[in-house]
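Enquirer: Quick one: this structure, given as structure tokens, is what I'll be asking you about.
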Amino acid sequence: MSMMKAAIFVEPNRIVIDDKPVPDIGPTDALVKISTTTICGTDVHILKGEYPVEPGLTVGHEPVGVIAALGSAVNGFREGERVIAGAITPCGQCFSCLDGHLAQCRGEAIGGWRFGNTIDGAQAEYLRVPDAAANLTRVPEHLSDEHVLMCPDIMSTGFSGAESGGIRIGDTVAVFAQGPIGLCATAGAKLSGATRIITVETVPERIAMSKAMGADIVIDFKAEDPIERIMELTDGRGVDVAIEALGTQETFEGCLRVTKPGGTVSSLGVYSGKLSLPVDAFAAGLGDHHIVTTLCPGGKERMRRLIEVVASGRVDLKPLVTHRYKLEDIEAAYDLFAHQRDGVLKIAVTP
């Protein structure tokens, strides 16, 4: 039996590198040899025990690699091609997928998220990609792994915050939190036609990156009240769309309080515990507010479109890679990322 190295969830606060069999594949699967992957904030939730997964699971859901083997029923690809697969891997055949809700595959809430959740994930030397024909997307030769590393999750998720928010040309948009997903939401808002983007952050490196991604004004929430400042900047009107990109009561409520009557709160954060809806900010339910939630869109066509955005030069997310680690050192990478030291944004992990 061939063995590989993988980052395995053991128990809360413990993810370790260990040996594991190289995955077997079925007729509709592909085996991808990972060349680059990364750590997501959701992986940190798993590490801390805030999101439950089974002990022994390989974590990670952001793969870039090369096809090592193909199932007998997979057409349109060949071994040796460089590919990505989205963090969300819809089957493409169930009623949820055919209804246009690929992330909720098989009619299950977040059912499309399988890597590092319900099946072994990408922080390993090899990855089994289910429903490969619906989920693999080729990477153009002129793009490096790091150019497309954000496509499987944070680019797709961040952009979806702008898309689900229905941003229109001329809109004023607020984005609360400028971590990797928030930064991608800022870039997505600019691409969608927002003409004034206000972001909320306090980490100097993230403030600088926010401006590079398209923010017109960055409010340091440790220096001033972001709600008061945003209302001042909008002459008391509020923003057209507010994007929540952290997953806390404070940022969710902040978004609601700065959104105009009839505006939209687009929520991307992963929340834990109870989330309250303040009645005054919600105009007692009579303010014509829209609250939308989005799970990272996946599937091959979504990945193709994101790669096209990168290839066109419309956005460059490569600068979000601030640190690089080998797979065998991923425990140290988790420690850095979880504690947000040294200006870390995203870590490229290579087997």
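Going by the structure tokens order, chains are called A, B, ..., each with residues numbered from 1, while ligands are numbered from 1 in the order shown.
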May I have the residues within 9 Å of A:Arg304 as JSON, numbers by chain, using only C-alpha atoms and disregarding those fewer than 5 positions away in the same chain?

Expert: {"A": [137, 138, 139, 299, 309]}

Enquirer: Against stretch 312-335 of chain A, which residues of stretch 137-225 of chain A fall within 9 Å? For each one I want the closest pair of atoms and the distance in Å (one decimal), counting only C-alpha atoms, rows by chain and increasing residue number, as CSV.

Expert:
```
residue,atom,partner,partner_atom,distance
A:Glu146,CA,A:Lys318,CA,5.7
A:His147,CA,A:Lys318,CA,5.1
A:Val148,CA,A:Lys318,CA,7.8
A:Leu149,CA,A:Lys318,CA,7.9
A:Met150,CA,A:Leu317,CA,7.0
A:Met155,CA,A:Leu317,CA,8.3
A:Pro180,CA,A:Leu320,CA,7.2
A:Leu183,CA,A:Leu320,CA,8.9
A:Cys184,CA,A:Leu317,CA,8.1
A:Ala187,CA,A:Val315,CA,7.3
A:Gly188,CA,A:Val315,CA,9.0
A:Leu191,CA,A:Arg314,CA,8.0
A:Met209,CA,A:Leu320,CA,8.2
A:Met213,CA,A:Val315,CA,8.0
```

Enquirer: Which residue, A:Ile347, A:Ile46, A:Ala162, A:Gly263, has the smallest gap to A:Arg14 when you use only C-alpha atoms?

Expert: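 Between A:Ile347, A:Ile46, A:Ala162, A:Gly263, the residue approaching A:Arg14 most closely is A:Ile46.
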
Enquirer: Considering only C-alpha atoms, state which residue in the set A:Ala185, A:Ile17, A:Val203, A:Leu136 is at the smallest distance from A:Arg341.

Expert: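 Checking each candidate against A:Arg341, we get A:Val203 as the closest.
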
Enquirer: When distances are computed from only C-alpha atoms, which of A:Ala208, A:Met231, A:Ala245, A:Ala68 shows the smallest separation from A:Val175?

Expert: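 Using only C-alpha atoms, the shortest distance to A:Val175 belongs to A:Ala245.
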
Enquirer: What lies within 10 Å of A:Leu277 using only C-alpha atoms, ignoring chain neighbours under 2 positions off, as a PDB file with all heavy atoms, in the first residue's frame?

Expert:
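Done, and the output landed in around-v9.pdb:
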```pdb
ATOM      1  N   GLN A 249     -20.632  38.654  16.194  1.00  0.00           N
ATOM      2  CA  GLN A 249     -21.815  39.471  16.475  1.00  0.00           C
ATOM      3  C   GLN A 249     -21.530  40.948  16.196  1.00  0.00           C
ATOM      4  O   GLN A 249     -22.352  41.661  15.607  1.00  0.00           O
ATOM      5  CB  GLN A 249     -22.239  39.285  17.933  1.00  0.00           C
ATOM      6  CG  GLN A 249     -23.385  40.184  18.374  1.00  0.00           C
ATOM      7  CD  GLN A 249     -24.702  39.830  17.709  1.00  0.00           C
ATOM      8  OE1 GLN A 249     -25.011  38.665  17.521  1.00  0.00           O
ATOM      9  NE2 GLN A 249     -25.488  40.836  17.346  1.00  0.00           N
ATOM     10  N   PHE A 252     -21.320  41.644  12.363  1.00  0.00           N
ATOM     11  CA  PHE A 252     -22.648  41.474  11.746  1.00  0.00           C
ATOM     12  C   PHE A 252     -23.548  42.649  12.110  1.00  0.00           C
ATOM     13  O   PHE A 252     -24.201  43.252  11.246  1.00  0.00           O
ATOM     14  CB  PHE A 252     -23.286  40.163  12.205  1.00  0.00           C
ATOM     15  CG  PHE A 252     -24.686  39.963  11.699  1.00  0.00           C
ATOM     16  CD1 PHE A 252     -24.913  39.488  10.417  1.00  0.00           C
ATOM     17  CD2 PHE A 252     -25.779  40.274  12.495  1.00  0.00           C
ATOM     18  CE1 PHE A 252     -26.212  39.309   9.937  1.00  0.00           C
ATOM     19  CE2 PHE A 252     -27.074  40.106  12.029  1.00  0.00           C
ATOM     20  CZ  PHE A 252     -27.296  39.622  10.754  1.00  0.00           C
ATOM     21  N   GLU A 253     -23.569  42.986  13.375  1.00  0.00           N
ATOM     22  CA  GLU A 253     -24.411  44.099  13.814  1.00  0.00           C
ATOM     23  C   GLU A 253     -23.935  45.417  13.215  1.00  0.00           C
ATOM     24  O   GLU A 253     -24.742  46.274  12.841  1.00  0.00           O
ATOM     25  CB  GLU A 253     -24.411  44.171  15.341  1.00  0.00           C
ATOM     26  CG  GLU A 253     -25.388  45.177  15.913  1.00  0.00           C
ATOM     27  CD  GLU A 253     -25.521  45.072  17.421  1.00  0.00           C
ATOM     28  OE1 GLU A 253     -25.389  43.951  17.962  1.00  0.00           O
ATOM     29  OE2 GLU A 253     -25.752  46.126  18.048  1.00  0.00           O
ATOM     30  N   LEU A 256     -25.306  45.724   9.768  1.00  0.00           N
ATOM     31  CA  LEU A 256     -26.736  46.041   9.763  1.00  0.00           C
ATOM     32  C   LEU A 256     -26.974  47.510  10.102  1.00  0.00           C
ATOM     33  O   LEU A 256     -27.838  48.173   9.503  1.00  0.00           O
ATOM     34  CB  LEU A 256     -27.450  45.131  10.762  1.00  0.00           C
ATOM     35  CG  LEU A 256     -28.975  45.088  10.701  1.00  0.00           C
ATOM     36  CD1 LEU A 256     -29.448  44.674   9.309  1.00  0.00           C
ATOM     37  CD2 LEU A 256     -29.518  44.135  11.752  1.00  0.00           C
ATOM     38  N   LYS A 274     -24.542  31.991  19.462  1.00  0.00           N
ATOM     39  CA  LYS A 274     -25.796  32.646  19.107  1.00  0.00           C
ATOM     40  C   LYS A 274     -25.531  33.964  18.399  1.00  0.00           C
ATOM     41  O   LYS A 274     -24.683  34.743  18.811  1.00  0.00           O
ATOM     42  CB  LYS A 274     -26.623  32.884  20.371  1.00  0.00           C
ATOM     43  CG  LYS A 274     -28.011  33.449  20.108  1.00  0.00           C
ATOM     44  CD  LYS A 274     -28.786  33.597  21.412  1.00  0.00           C
ATOM     45  CE  LYS A 274     -30.185  34.140  21.152  1.00  0.00           C
ATOM     46  NZ  LYS A 274     -30.944  34.296  22.423  1.00  0.00           N
ATOM     47  N   LEU A 275     -26.289  34.219  17.330  1.00  0.00           N
ATOM     48  CA  LEU A 275     -26.202  35.476  16.598  1.00  0.00           C
ATOM     49  C   LEU A 275     -27.507  36.230  16.798  1.00  0.00           C
ATOM     50  O   LEU A 275     -28.589  35.717  16.479  1.00  0.00           O
ATOM     51  CB  LEU A 275     -25.962  35.204  15.110  1.00  0.00           C
ATOM     52  CG  LEU A 275     -25.705  36.404  14.210  1.00  0.00           C
ATOM     53  CD1 LEU A 275     -24.407  37.095  14.601  1.00  0.00           C
ATOM     54  CD2 LEU A 275     -25.662  35.979  12.752  1.00  0.00           C
ATOM     55  N   VAL A 279     -33.223  44.786  17.198  1.00  0.00           N
ATOM     56  CA  VAL A 279     -34.472  45.244  16.608  1.00  0.00           C
ATOM     57  C   VAL A 279     -34.354  46.667  16.070  1.00  0.00           C
ATOM     58  O   VAL A 279     -34.888  46.986  14.999  1.00  0.00           O
ATOM     59  CB  VAL A 279     -35.611  45.143  17.644  1.00  0.00           C
ATOM     60  CG1 VAL A 279     -36.889  45.767  17.099  1.00  0.00           C
ATOM     61  CG2 VAL A 279     -35.859  43.691  17.992  1.00  0.00           C
ATOM     62  N   ASP A 280     -33.630  47.539  16.792  1.00  0.00           N
ATOM     63  CA  ASP A 280     -33.549  48.926  16.328  1.00  0.00           C
ATOM     64  C   ASP A 280     -32.787  49.036  15.013  1.00  0.00           C
ATOM     65  O   ASP A 280     -33.186  49.767  14.110  1.00  0.00           O
ATOM     66  CB  ASP A 280     -32.908  49.812  17.404  1.00  0.00           C
ATOM     67  CG  ASP A 280     -31.486  49.399  17.752  1.00  0.00           C
ATOM     68  OD1 ASP A 280     -31.179  48.192  17.708  1.00  0.00           O
ATOM     69  OD2 ASP A 280     -30.667  50.287  18.069  1.00  0.00           O
ATOM     70  N   ALA A 281     -31.693  48.271  14.886  1.00  0.00           N
ATOM     71  CA  ALA A 281     -30.921  48.306  13.634  1.00  0.00           C
ATOM     72  C   ALA A 281     -31.700  47.688  12.480  1.00  0.00           C
ATOM     73  O   ALA A 281     -31.479  48.014  11.315  1.00  0.00           O
ATOM     74  CB  ALA A 281     -29.599  47.578  13.817  1.00  0.00           C
ATOM     75  N   PHE A 282     -32.640  46.821  12.817  1.00  0.00           N
ATOM     76  CA  PHE A 282     -33.435  46.099  11.822  1.00  0.00           C
ATOM     77  C   PHE A 282     -34.754  46.810  11.547  1.00  0.00           C
ATOM     78  O   PHE A 282     -35.593  46.297  10.809  1.00  0.00           O
ATOM     79  CB  PHE A 282     -33.681  44.680  12.352  1.00  0.00           C
ATOM     80  CG  PHE A 282     -34.142  43.690  11.331  1.00  0.00           C
ATOM     81  CD1 PHE A 282     -33.557  43.597  10.085  1.00  0.00           C
ATOM     82  CD2 PHE A 282     -35.166  42.809  11.634  1.00  0.00           C
ATOM     83  CE1 PHE A 282     -33.976  42.662   9.149  1.00  0.00           C
ATOM     84  CE2 PHE A 282     -35.590  41.856  10.711  1.00  0.00           C
ATOM     85  CZ  PHE A 282     -35.003  41.786   9.468  1.00  0.00           C
ATOM     86  N   ALA A 284     -37.248  47.165  13.367  1.00  0.00           N
ATOM     87  CA  ALA A 284     -38.348  46.308  13.842  1.00  0.00           C
ATOM     88  C   ALA A 284     -38.854  45.368  12.750  1.00  0.00           C
ATOM     89  O   ALA A 284     -40.005  44.916  12.774  1.00  0.00           O
ATOM     90  CB  ALA A 284     -39.495  47.161  14.403  1.00  0.00           C
ATOM     91  N   GLY A 285     -37.988  45.081  11.783  1.00  0.00           N
ATOM     92  CA  GLY A 285     -38.377  44.182  10.695  1.00  0.00           C
ATOM     93  C   GLY A 285     -39.088  44.874   9.560  1.00  0.00           C
ATOM     94  O   GLY A 285     -39.585  44.204   8.637  1.00  0.00           O
TER      95      GLY A 285
END
```

Enquirer: Could you tell me which of A:Thr350, A:Ser192, A:Ser2, A:Ser35 comes closest to A:Glu81 if we count only C-alpha atoms?

Expert: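 Closest to A:Glu81, using only C-alpha atoms: A:Ser35.
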
Enquirer: Applying 9 Å and only C-alpha atoms, which residues near A:Val53 remain after dropping the ones on its own chain fewer than 5 positions away? List them as a PyMOL selection string.

Expert: chain A and resi 9+46+116-118

Enquirer: Just to confirm, what's the straight-line distance from atom CA of A:Gly165 to atom CA of A:Glu244 in Å (one decimal)?

Expert: 10.6 Å

Enquirer: If we count only C-alpha atoms and set the cut-off at 8 Å, which residues sit around A:Glu11, ignoring sequence neighbours fewer than 2 positions away in its own chain? Please answer as a PyMOL selection string.

Expert: chain A and resi 9+13-15+47+49+55

Enquirer: Save the residues we just selected, N, CA and C atoms, as a JSON list (two decimals), in the first residue's frame?

Expert:
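Final file, out-v8.json:
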```json
[["chain", "number", "residue", "atom", "x", "y", "z"],
["A", 9, "PHE", "N", -6.51, 15.83, 11.52],
["A", 9, "PHE", "CA", -7.15, 16.31, 12.74],
["A", 9, "PHE", "C", -7.21, 15.17, 13.75],
["A", 13, "ASN", "N", -7.41, 21.44, 19.06],
["A", 13, "ASN", "CA", -6.09, 22.03, 19.27],
["A", 13, "ASN", "C", -4.95, 21.10, 18.89],
["A", 14, "ARG", "N", -5.25, 20.11, 18.05],
["A", 14, "ARG", "CA", -4.18, 19.21, 17.61],
["A", 14, "ARG", "C", -4.42, 18.71, 16.19],
["A", 15, "ILE", "N", -3.67, 19.27, 15.26],
["A", 15, "ILE", "CA", -3.56, 18.77, 13.89],
["A", 15, "ILE", "C", -2.11, 18.40, 13.68],
["A", 47, "LEU", "N", -9.40, 23.27, 13.92],
["A", 47, "LEU", "CA", -8.32, 23.05, 14.87],
["A", 47, "LEU", "C", -8.77, 23.35, 16.30],
["A", 49, "GLY", "N", -11.69, 23.18, 17.51],
["A", 49, "GLY", "CA", -12.87, 22.42, 17.92],
["A", 49, "GLY", "C", -14.16, 23.20, 17.80],
["A", 55, "PRO", "N", -12.24, 12.72, 14.00],
["A", 55, "PRO", "CA", -10.81, 12.49, 14.19],
["A", 55, "PRO", "C", -10.26, 11.58, 13.10]]
```

Enquirer: Which one of A:Leu268, A:Val16, A:Ile84, A:Val258 sits closest to A:Thr172 if you count only C-alpha atoms?

Expert: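 Smallest distance to A:Thr172 is found for A:Val258.
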